[in-house]
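Chemist: Encoded as structure tokens, here's the structure I'll be asking about.
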Amino acid sequence: MIVLFTDFGLAGPYTGQMKAVLRGQAPNTEIIDLFADAPCADPRASAYLLAAYAPWFPPGTIFLCVVDPGVGGGRAALMIEADRRRYVGPENGLFELVLRRAQNARCHEITWRPPRLSASFHGRDLFAPVAGRVARGEPPPTLARPVEPERRPDWPDDLLEIVYIDHYGNALTGLRGQCLAPSACLDAGRRRIAHAETFSAVPRGAAFWYVNANGLIEIAVNRGRADRKLGLVVGSAIAIAE
Amino acid sequence: MIVLFTDFGLAGPYTGQMKAVLRGQAPNTEIIDLFADAPCADPRASAYLLAAYAPWFPPGTIFLCVVDPGVGGGRAALMIEADRRRYVGPENGLFELVLRRAQNARCHEITWRPPRLSASFHGRDLFAPVAGRVARGEPPPTLARPVEPERRPDWPDDLLEIVYIDHYGNALTGLRGQCLAPSACLDAGRRRIAHAETFSAVPRGAAFWYVNANGLIEIAVNRGRADRKLGLVVGSAIAIAE
Amino acid sequence: MIVLFTDFGLAGPYTGQMKAVLRGQAPNTEIIDLFADAPCADPRASAYLLAAYAPWFPPGTIFLCVVDPGVGGGRAALMIEADRRRYVGPENGLFELVLRRAQNARCHEITWRPPRLSASFHGRDLFAPVAGRVARGEPPPTLARPVEPERRPDWPDDLLEIVYIDHYGNALTGLRGQCLAPSACLDAGRRRIAHAETFSAVPRGAAFWYVNANGLIEIAVNRGRADRKLGLVVGSAIAIAE
């Protein structure tokens with residue numbers, strides 16, 4: 001299974017062209033769209049989102065990850081194996097939290113290059129062909145060489161920011177559930193927000209935080225939109241209340 | 001064929017995770033995205049939309065339906081067979097119109113539970129595994145027990161509301177075409193709207209109603225957006241003109 | 001491979017129903033979503049977009065193209081073979097640039113009609129069944145008859161307009177890269193815009209033009225949105241600076 005994690009947006013020609021490449025390389029591999037709207041041009045916020053959602057997928061899953069504002073510049077291309085899942089994408093911190101939380105990880109720098117490499121669409125021209133080759137079992141040596149990737153020791157283990165707003169207006173943070181006791185409160189959008197187990201446990205219109213189905217702390221409003229009620233956007237700072 | 005009918009939105013991780021589950025359970029079954037933007041957290045409006053679109057699909061189709069604002073609360077989970085199509089989703093009225101219009105229907109309450117059931121994402125943890133098992137032919141007794149589901153006798157047979165706005169700004173009502181003679185008018189957004197057969201039958205910028213390709217009455221504007229011109233949103237009331 | 005090129009929008013029931021038809025007709029053919037948001041109800045702008053993106057796909061690809069504001073009126077339905085790719089869709093100019101740029105092209109008018117043809121959704125009822133039949137190898141004579149399609153000699157070879165805004169706010173023009181030397185400038189949104197090879201070659205916030213990965217000239221802003229900064233929308237005029 002190849003899982004797509006990009007900031008391409010839902011619209012337009014990018015995901016379709018990547019899938020056409022994957023279909024050519026690995027016709028029998030399932031392709032799953034996970035996020036096409038990861039934090040736009042923001043590998044740091046995206047890294048926390050990816051690290052939260054990847055472990056839910058079974059071992060053997062290949063994540064094709066393209067949040068790549070530096071495309072066409074000098075950044076390297078990576079192929080990573082971490083806890084039996086594989087990741088293909090740019091070296092810009094996008095895999096920092098996956099690597100930091102992995103029990104076992106091996107990193108390769110992608111040295112393979114396609115006959116034609118555009119300056120602006122490495123997702124299609126470089127990462128997708130590599131992911132497809134990995135999917136059909138091609139071994140790393142023909143594609144890459146072992147590398148110690150650049151790390152981001154200054155990035156925190158959990159991110160006190162909103163990293164995603166979903167269709168319901170729920171605001172996902174970069175904090176894992178284990179960071180907060182149920183008795184703790186979050187400060188977000190000038191409000192103090194307490195914990196609840198489910199939407200129906202709070203009154204209509206009330207804000208609360210809970211641990212979502214992938215382990216991230218999420219701020220929601222029962223029958224309302226937390227983003228609008230609290231003025232939250234991707235990148236908004238949050239704080240653990242004293 | 002498994003058809004998805006949800007209010008998850010187009011973006012974000014929900015549909016992808018459900019599809020990953022379906023792929024694991026029933027790898028050879030086609031998955032079709034019908035609506036990912038059914039009326040948000042509104043099982044009543046969604047019920048009219050679902051009942052209008054389901055009959056177009058061939059017998060044997062499985063509809064995985066998640067418009068589920070009560071997730072994590074006490075509502076039951078249903079598995080329905082109606083006119084040789086199957087439906088999996090929450091017991092909150094979402095299937096009321098499918099049941100009311102069916103020649104034959106059998107209902108089961110889903111009693112199977114997964115090893116891990118999140119409080120907020122039964123689409124992934126409960127409904128998708130059940131839909132996948134149904135798709136690969138698992139018989140109801142291992143998953144469910146016969147039940148008489150709660151019904152909504154107070155809901156009308158057709159809904160005098162806008163239930164969907166499409167990409168063109170066309171406003172779909174909850175009224176079937178048979179409710180209105182071509183000579184009848186609709187009142188919507190403070191305008192009286194007459195019937196036309198096609199867009200090109202009215203002047204540019206003119207509003208009209210017609211019976212759409214799935215049998216619902218739809219309000220449109222030739223070369224314009226009916227939602228903006230008439231101020232219509234999902235939930236806007238309409239009336240049959242005297 | 002069947003590639004979808006429509007103005008249906010990402011949401012709603014249109015693409016799903018077309019795919020259900022394709023799956024029924026040609027179950028083993030891959031379906032790729034290229035554009036679901038081609039210039040809305042604008043076959044002219046769409047024609048330049050289609051002609052730019054189609055040649056990237058391999059010979060044998062079938063393009064199912066529905067930008068069809070005249071649906072239900074008198075326009076004919078076409079089946080085209082151009083440079084070993086096939087195209088199915090309305091006769092409204094949508095294929096004008098594909099035909100003009102093709103080395104070899106043959107056109108057929110679709111004469112086949114389904115048992116039930118809705119007035120508003122020929123994508124589902126006419127074009128998708130034909131594309132599915134073409135995909136499974138059905139020869140033209142059972143579906144269509146040779147025709148000389150209506151041409152648009154008044155349309156330019158390249159279009160001095162914005163034809164698409166992507167998720168990043170980049171503005172794609174209808175101009176091919178070969179139209180401009182790197183030393184040339186574009187006038188768009190009251191600004192004069194120079195060329196750069198990549199995003200990282202200009203300062204943060206600066207606008208530039210470049211040739212995108214499919215050969216179209218595109219206006220972008222490094223780490224910003226060109227559409228908002230320059231006030232560009234689909235249809236905005238651009239000019240080659242003197």
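Labels for the structure tokens follow display order: chains A, B, ..., residues from 1 in each chain, ligands from 1.
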May I have the residues within 10 Å of Met18 of chain A as a list in words, using only C-alpha atoms and disregarding those fewer than 5 positions away in the same chain?
Modeler: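 That gives Leu4, Pro13, Arg23, Gly24, Leu64, Phe121, His122, Gly123, Arg124, Asp125, Leu126, Phe127, Ala128, Pro129 and Gly132 of chain A; Ile32 and Leu34 of chain C.
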Chemist: For the selection you just gave me, I'd like the residues written to a file as a PDB file, in the first residue's frame, keeping C-alpha atoms.
Modeler:
ATOM      1  CA  LEU A   4       0.019   9.832  -0.178  1.00  0.00           C
ATOM      2  CA  PRO A  13      -3.209  18.025 -11.697  1.00  0.00           C
ATOM      3  CA  ARG A  23       0.291   2.952 -11.631  1.00  0.00           C
ATOM      4  CA  GLY A  24       2.934   2.564 -14.296  1.00  0.00           C
ATOM      5  CA  LEU A  64       5.002   9.068  -0.451  1.00  0.00           C
ATOM      6  CA  PHE A 121       7.537  18.769  -9.634  1.00  0.00           C
ATOM      7  CA  HIS A 122       9.821  16.230  -7.981  1.00  0.00           C
ATOM      8  CA  GLY A 123       6.737  14.519  -6.578  1.00  0.00           C
ATOM      9  CA  ARG A 124       5.943  13.288 -10.066  1.00  0.00           C
ATOM     10  CA  ASP A 125       9.422  13.007 -11.539  1.00  0.00           C
ATOM     11  CA  LEU A 126      11.534  11.724  -8.637  1.00  0.00           C
ATOM     12  CA  PHE A 127       9.606  10.660  -5.529  1.00  0.00           C
ATOM     13  CA  ALA A 128       6.757   8.797  -7.242  1.00  0.00           C
ATOM     14  CA  PRO A 129       9.014   6.689  -9.488  1.00  0.00           C
ATOM     15  CA  GLY A 132       6.772   2.798  -7.161  1.00  0.00           C
TER      16      GLY A 132
ATOM     17  CA  ILE C  32      -6.926   8.841 -12.900  1.00  0.00           C
ATOM     18  CA  LEU C  34      -6.469  14.842 -13.520  1.00  0.00           C
TER      19      LEU C  34
END
Chemist: Identify all chain B residues at most 12 Å from chain A by counting only C-alpha atoms; ligands do not count. Present them as number ranges by chain.
Modeler: B: 6-24, 27-31, 36-42, 67-75, 116-125
Chemist: So which residues touch Gly169 of chain C within 10 Å, counting only C-alpha atoms, skipping near sequence neighbours fewer than 3 positions away, as a PDB file with C-alpha atoms, in the first residue's frame?
Modeler:
ATOM      1  CA  TYR C 164      -6.022  27.790 -13.672  1.00  0.00           C
ATOM      2  CA  ILE C 165      -5.165  28.765 -10.107  1.00  0.00           C
ATOM      3  CA  ASP C 166      -3.676  25.935  -8.094  1.00  0.00           C
ATOM      4  CA  LEU C 172      -1.205  29.002 -14.851  1.00  0.00           C
ATOM      5  CA  ILE C 219       3.106  32.987 -12.429  1.00  0.00           C
ATOM      6  CA  ALA C 220       4.148  32.354  -8.839  1.00  0.00           C
ATOM      7  CA  VAL C 221       5.311  34.083  -5.687  1.00  0.00           C
ATOM      8  CA  GLY C 224       3.279  33.424  -1.139  1.00  0.00           C
ATOM      9  CA  ARG C 225       0.138  33.276  -3.252  1.00  0.00           C
ATOM     10  CA  ALA C 226       0.414  34.858  -6.696  1.00  0.00           C
ATOM     11  CA  ASP C 227      -3.368  34.938  -7.111  1.00  0.00           C
ATOM     12  CA  ARG C 228      -3.863  37.153  -4.042  1.00  0.00           C
ATOM     13  CA  LYS C 229      -0.736  39.251  -4.436  1.00  0.00           C
ATOM     14  CA  LEU C 232      -5.433  37.058 -10.567  1.00  0.00           C
ATOM     15  CA  VAL C 233      -8.402  34.794 -11.235  1.00  0.00           C
TER      16      VAL C 233
END
Chemist: Can you pull out every residue within 12 Å of Gly137 of chain C, counting only C-alpha atoms, but drop anything in the same chain fewer than 6 positions away, and send it as a list in words?
Modeler: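 The residues that qualify are Gln25, Ala26, Thr29, Gly60, Ile62, Arg86, Val130, Ala131 and Leu143 of chain C.
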Chemist: Counting only C-alpha atoms, what is within 9 Å of Met79 of chain A, bar same-chain residues fewer than 2 positions away, as a ChimeraX atom specification?
Modeler: /A:77,81,86-90,106-110,130-131,140,144
Chemist: Please save N, CA and C atoms of the selected residues as an mmCIF file, in the first residue's frame.
Modeler:
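Saved the output as selection.cif:
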data_model
loop_
_atom_site.group_PDB
_atom_site.id
_atom_site.type_symbol
_atom_site.label_atom_id
_atom_site.label_comp_id
_atom_site.auth_asym_id
_atom_site.auth_seq_id
_atom_site.Cartn_x
_atom_site.Cartn_y
_atom_site.Cartn_z
ATOM 1 N N ALA A 77 17.061 14.191 -1.423
ATOM 2 C CA ALA A 77 15.855 13.354 -1.445
ATOM 3 C C ALA A 77 16.123 12.116 -0.609
ATOM 4 N N GLU A 81 13.484 3.821 6.100
ATOM 5 C CA GLU A 81 12.713 2.726 6.672
ATOM 6 C C GLU A 81 12.701 2.922 8.169
ATOM 7 N N ARG A 86 8.005 2.456 5.219
ATOM 8 C CA ARG A 86 8.958 3.187 4.395
ATOM 9 C C ARG A 86 8.415 4.548 3.999
ATOM 10 N N TYR A 87 9.320 5.470 3.814
ATOM 11 C CA TYR A 87 8.971 6.863 3.547
ATOM 12 C C TYR A 87 9.858 7.366 2.422
ATOM 13 N N VAL A 88 9.260 8.084 1.491
ATOM 14 C CA VAL A 88 10.015 8.692 0.401
ATOM 15 C C VAL A 88 9.627 10.173 0.343
ATOM 16 N N GLY A 89 10.632 11.050 0.294
ATOM 17 C CA GLY A 89 10.321 12.470 0.222
ATOM 18 C C GLY A 89 11.551 13.337 0.404
ATOM 19 N N PRO A 90 11.343 14.646 0.518
ATOM 20 C CA PRO A 90 12.470 15.576 0.588
ATOM 21 C C PRO A 90 13.140 15.607 1.965
ATOM 22 N N ARG A 106 16.503 3.256 9.207
ATOM 23 C CA ARG A 106 17.625 3.311 8.276
ATOM 24 C C ARG A 106 17.313 4.370 7.241
ATOM 25 N N CYS A 107 18.290 5.179 6.916
ATOM 26 C CA CYS A 107 18.066 6.265 5.959
ATOM 27 C C CYS A 107 18.960 6.103 4.743
ATOM 28 N N HIS A 108 18.387 6.397 3.596
ATOM 29 C CA HIS A 108 19.136 6.453 2.347
ATOM 30 C C HIS A 108 18.873 7.787 1.664
ATOM 31 N N GLU A 109 19.902 8.268 0.995
ATOM 32 C CA GLU A 109 19.705 9.410 0.113
ATOM 33 C C GLU A 109 19.457 8.878 -1.290
ATOM 34 N N ILE A 110 18.416 9.372 -1.917
ATOM 35 C CA ILE A 110 18.077 8.904 -3.262
ATOM 36 C C ILE A 110 19.091 9.482 -4.253
ATOM 37 N N VAL A 130 10.404 6.547 -7.489
ATOM 38 C CA VAL A 130 11.137 5.806 -6.459
ATOM 39 C C VAL A 130 10.160 5.020 -5.581
ATOM 40 N N ALA A 131 9.068 5.659 -5.158
ATOM 41 C CA ALA A 131 8.090 4.941 -4.333
ATOM 42 C C ALA A 131 7.533 3.737 -5.086
ATOM 43 N N PRO A 140 17.225 -0.968 -2.218
ATOM 44 C CA PRO A 140 17.803 0.373 -2.134
ATOM 45 C C PRO A 140 19.067 0.620 -2.955
ATOM 46 N N ALA A 144 19.680 4.376 -4.168
ATOM 47 C CA ALA A 144 20.072 5.278 -3.085
ATOM 48 C C ALA A 144 21.335 4.783 -2.398
#
Chemist: Using the chain letters and numbers from this document, which residues of segment 124-188 of chain A does DSSP assign to helix (DSSP H, G or I), as a list in words?
Modeler: Arg124, Asp125, Leu126, Phe127, Ala128, Pro129, Val130, Ala131, Gly132, Arg133, Val134, Ala135, Pro140, Pro141, Thr142, Gly177, Gln178 and Cys179 of chain A
Chemist: Tell me which protein, DNA and RNA residues are within 10 Å of Arg151 of chain C, counting only C-alpha atoms, leaving out same-chain ones fewer than 4 positions away, and put them as a PyMOL selection string.
Modeler: chain C and resi 91-93+95-97+99-100+155
Chemist: Would you save the residues of that selection, restricted to N, CA, C and O atoms, as a PDB file, in the first residue's frame?
Modeler:
ATOM      1  N   GLU C  91     -18.730  18.479 -28.328  1.00  0.00           N
ATOM      2  CA  GLU C  91     -18.218  19.312 -29.422  1.00  0.00           C
ATOM      3  C   GLU C  91     -18.527  20.774 -29.103  1.00  0.00           C
ATOM      4  O   GLU C  91     -19.605  21.296 -29.445  1.00  0.00           O
ATOM      5  N   ASN C  92     -17.608  21.408 -28.428  1.00  0.00           N
ATOM      6  CA  ASN C  92     -17.811  22.816 -28.061  1.00  0.00           C
ATOM      7  C   ASN C  92     -16.477  23.570 -28.045  1.00  0.00           C
ATOM      8  O   ASN C  92     -16.364  24.610 -27.406  1.00  0.00           O
ATOM      9  N   GLY C  93     -15.498  23.027 -28.723  1.00  0.00           N
ATOM     10  CA  GLY C  93     -14.185  23.653 -28.759  1.00  0.00           C
ATOM     11  C   GLY C  93     -13.195  23.072 -27.764  1.00  0.00           C
ATOM     12  O   GLY C  93     -11.996  23.358 -27.833  1.00  0.00           O
ATOM     13  N   PHE C  95     -11.715  20.390 -27.607  1.00  0.00           N
ATOM     14  CA  PHE C  95     -10.608  19.645 -28.203  1.00  0.00           C
ATOM     15  C   PHE C  95      -9.868  20.449 -29.277  1.00  0.00           C
ATOM     16  O   PHE C  95      -9.012  19.906 -29.973  1.00  0.00           O
ATOM     17  N   GLU C  96     -10.207  21.729 -29.422  1.00  0.00           N
ATOM     18  CA  GLU C  96      -9.635  22.541 -30.496  1.00  0.00           C
ATOM     19  C   GLU C  96      -8.109  22.544 -30.471  1.00  0.00           C
ATOM     20  O   GLU C  96      -7.447  22.363 -31.499  1.00  0.00           O
ATOM     21  N   LEU C  97      -7.527  22.749 -29.302  1.00  0.00           N
ATOM     22  CA  LEU C  97      -6.064  22.854 -29.265  1.00  0.00           C
ATOM     23  C   LEU C  97      -5.393  21.500 -29.357  1.00  0.00           C
ATOM     24  O   LEU C  97      -4.294  21.381 -29.898  1.00  0.00           O
ATOM     25  N   LEU C  99      -6.514  19.142 -31.252  1.00  0.00           N
ATOM     26  CA  LEU C  99      -6.558  18.874 -32.692  1.00  0.00           C
ATOM     27  C   LEU C  99      -5.539  19.730 -33.450  1.00  0.00           C
ATOM     28  O   LEU C  99      -4.839  19.244 -34.336  1.00  0.00           O
ATOM     29  N   ARG C 100      -5.449  21.018 -33.083  1.00  0.00           N
ATOM     30  CA  ARG C 100      -4.573  21.912 -33.817  1.00  0.00           C
ATOM     31  C   ARG C 100      -3.113  21.503 -33.668  1.00  0.00           C
ATOM     32  O   ARG C 100      -2.323  21.670 -34.589  1.00  0.00           O
ATOM     33  N   TRP C 155      -9.646  31.157 -32.414  1.00  0.00           N
ATOM     34  CA  TRP C 155      -8.956  31.005 -31.138  1.00  0.00           C
ATOM     35  C   TRP C 155      -7.445  31.043 -31.383  1.00  0.00           C
ATOM     36  O   TRP C 155      -6.955  30.448 -32.348  1.00  0.00           O
TER      37      TRP C 155
END
Chemist: For the atom pair atom CA of Gln178 of chain C and atom CA of Asp157 of chain C, what is the interatomic distance in Å to one decimal place?
Modeler: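 Spanning atom CA of Gln178 of chain C to atom CA of Asp157 of chain C is a straight-line distance of 11.7 Å.
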Chemist: How would you write, as a VMD selection string, the set of residues in segment 54-220 of chain B that DSSP gives as strand (DSSP E or B)?
Modeler: chain B and resid 62 to 66 77 to 82 85 to 90 105 to 110 144 to 146 159 to 165 171 to 176 186 to 188 191 to 193 195 207 to 211 216 to 220
Chemist: For those residues, write C-alpha atoms to a file as a PDB file, in the first residue's frame.
Modeler:
ATOM      1  CA  ILE B  62     -22.977  -1.604  -0.387  1.00  0.00           C
ATOM      2  CA  PHE B  63     -23.365   1.946   0.922  1.00  0.00           C
ATOM      3  CA  LEU B  64     -21.013   2.894   3.729  1.00  0.00           C
ATOM      4  CA  CYS B  65     -22.759   5.912   5.233  1.00  0.00           C
ATOM      5  CA  VAL B  66     -21.263   8.066   7.960  1.00  0.00           C
ATOM      6  CA  ALA B  77     -25.079   0.867  14.526  1.00  0.00           C
ATOM      7  CA  LEU B  78     -27.163  -0.528  11.671  1.00  0.00           C
ATOM      8  CA  MET B  79     -26.786  -2.870   8.746  1.00  0.00           C
ATOM      9  CA  ILE B  80     -29.725  -2.687   6.351  1.00  0.00           C
ATOM     10  CA  GLU B  81     -30.746  -4.541   3.238  1.00  0.00           C
ATOM     11  CA  ALA B  82     -33.295  -2.597   1.190  1.00  0.00           C
ATOM     12  CA  ARG B  85     -28.784  -2.823  -1.779  1.00  0.00           C
ATOM     13  CA  ARG B  86     -27.026  -2.824   1.573  1.00  0.00           C
ATOM     14  CA  TYR B  87     -26.336   0.045   3.919  1.00  0.00           C
ATOM     15  CA  VAL B  88     -24.013   0.302   6.925  1.00  0.00           C
ATOM     16  CA  GLY B  89     -24.048   3.266   9.288  1.00  0.00           C
ATOM     17  CA  PRO B  90     -25.391   4.882  12.443  1.00  0.00           C
ATOM     18  CA  ALA B 105     -36.110  -4.180   3.802  1.00  0.00           C
ATOM     19  CA  ARG B 106     -34.411  -6.095   6.580  1.00  0.00           C
ATOM     20  CA  CYS B 107     -32.569  -4.401   9.434  1.00  0.00           C
ATOM     21  CA  HIS B 108     -29.844  -5.640  11.713  1.00  0.00           C
ATOM     22  CA  GLU B 109     -28.154  -3.974  14.633  1.00  0.00           C
ATOM     23  CA  ILE B 110     -24.392  -4.389  14.437  1.00  0.00           C
ATOM     24  CA  ALA B 144     -25.402  -8.365  13.879  1.00  0.00           C
ATOM     25  CA  ARG B 145     -28.854  -9.308  15.157  1.00  0.00           C
ATOM     26  CA  PRO B 146     -32.243  -8.539  13.591  1.00  0.00           C
ATOM     27  CA  LEU B 159     -38.134  17.733   2.285  1.00  0.00           C
ATOM     28  CA  LEU B 160     -38.877  21.368   1.465  1.00  0.00           C
ATOM     29  CA  GLU B 161     -35.265  22.371   2.042  1.00  0.00           C
ATOM     30  CA  ILE B 162     -32.026  22.738   0.167  1.00  0.00           C
ATOM     31  CA  VAL B 163     -30.020  19.602   0.909  1.00  0.00           C
ATOM     32  CA  TYR B 164     -26.939  20.190  -1.227  1.00  0.00           C
ATOM     33  CA  ILE B 165     -25.143  22.938  -3.143  1.00  0.00           C
ATOM     34  CA  ALA B 171     -29.148  23.988  -5.192  1.00  0.00           C
ATOM     35  CA  LEU B 172     -30.572  20.499  -4.784  1.00  0.00           C
ATOM     36  CA  THR B 173     -33.809  20.219  -2.851  1.00  0.00           C
ATOM     37  CA  GLY B 174     -35.142  17.262  -0.903  1.00  0.00           C
ATOM     38  CA  LEU B 175     -38.127  17.092  -3.278  1.00  0.00           C
ATOM     39  CA  ARG B 176     -38.494  14.379  -5.878  1.00  0.00           C
ATOM     40  CA  LEU B 186     -41.095  27.057  -6.344  1.00  0.00           C
ATOM     41  CA  ASP B 187     -40.493  29.894  -3.917  1.00  0.00           C
ATOM     42  CA  ALA B 188     -36.859  30.046  -2.857  1.00  0.00           C
ATOM     43  CA  ARG B 191     -38.069  34.550  -5.716  1.00  0.00           C
ATOM     44  CA  ARG B 192     -40.702  32.626  -7.611  1.00  0.00           C
ATOM     45  CA  ILE B 193     -39.007  30.091  -9.841  1.00  0.00           C
ATOM     46  CA  HIS B 195     -39.608  25.143 -14.557  1.00  0.00           C
ATOM     47  CA  ALA B 207     -33.168  31.017 -12.405  1.00  0.00           C
ATOM     48  CA  PHE B 208     -35.278  27.929 -13.054  1.00  0.00           C
ATOM     49  CA  TRP B 209     -36.012  24.537 -11.555  1.00  0.00           C
ATOM     50  CA  TYR B 210     -35.610  21.203 -13.198  1.00  0.00           C
ATOM     51  CA  VAL B 211     -35.533  17.536 -12.302  1.00  0.00           C
ATOM     52  CA  LEU B 216     -34.366  15.498  -7.369  1.00  0.00           C
ATOM     53  CA  ILE B 217     -35.724  18.955  -8.015  1.00  0.00           C
ATOM     54  CA  GLU B 218     -32.820  21.326  -8.402  1.00  0.00           C
ATOM     55  CA  ILE B 219     -32.694  25.108  -8.618  1.00  0.00           C
ATOM     56  CA  ALA B 220     -30.188  26.517 -11.091  1.00  0.00           C
TER      57      ALA B 220
END
Chemist: Report, in Å to a single decimal, how far apart atom CA of Glu150 of chain A and atom CA of Arg84 of chain A are.
Modeler: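 Taking atom CA of Arg84 of chain A as the start and atom CA of Glu150 of chain A as the end point, the length is 20.9 Å.
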Chemist: For Leu94 of chain B, work out the shell of residues within 8 Å, counting only C-alpha atoms and skipping chain neighbours fewer than 6 positions away, then give it as a list of chain:residue names.
Modeler: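 In the requested form, the answer reads B:Pro43, B:Arg44, B:Ser46, B:Ala47, B:Val67.
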Chemist: Go ahead and save the picked residues with N, CA and C atoms, as a compact mmCIF listing (two decimals), in the first residue's frame.
Modeler:
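Below is the file out.txt, written as the result:
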# COMPACT_ATOMS: atom_id res chain seq x y z
N PRO B 43 -28.16 14.28 9.81
CA PRO B 43 -28.66 13.02 9.26
C PRO B 43 -30.00 13.17 8.54
N ARG B 44 -30.81 14.17 8.95
CA ARG B 44 -32.11 14.32 8.32
C ARG B 44 -31.97 14.75 6.86
N SER B 46 -29.37 14.61 5.06
CA SER B 46 -28.59 13.57 4.37
C SER B 46 -29.46 12.40 3.95
N ALA B 47 -30.46 12.10 4.76
CA ALA B 47 -31.32 10.95 4.46
C ALA B 47 -32.05 11.12 3.13
N VAL B 67 -22.73 9.87 8.54
CA VAL B 67 -23.08 11.24 8.96
C VAL B 67 -23.53 11.02 10.39
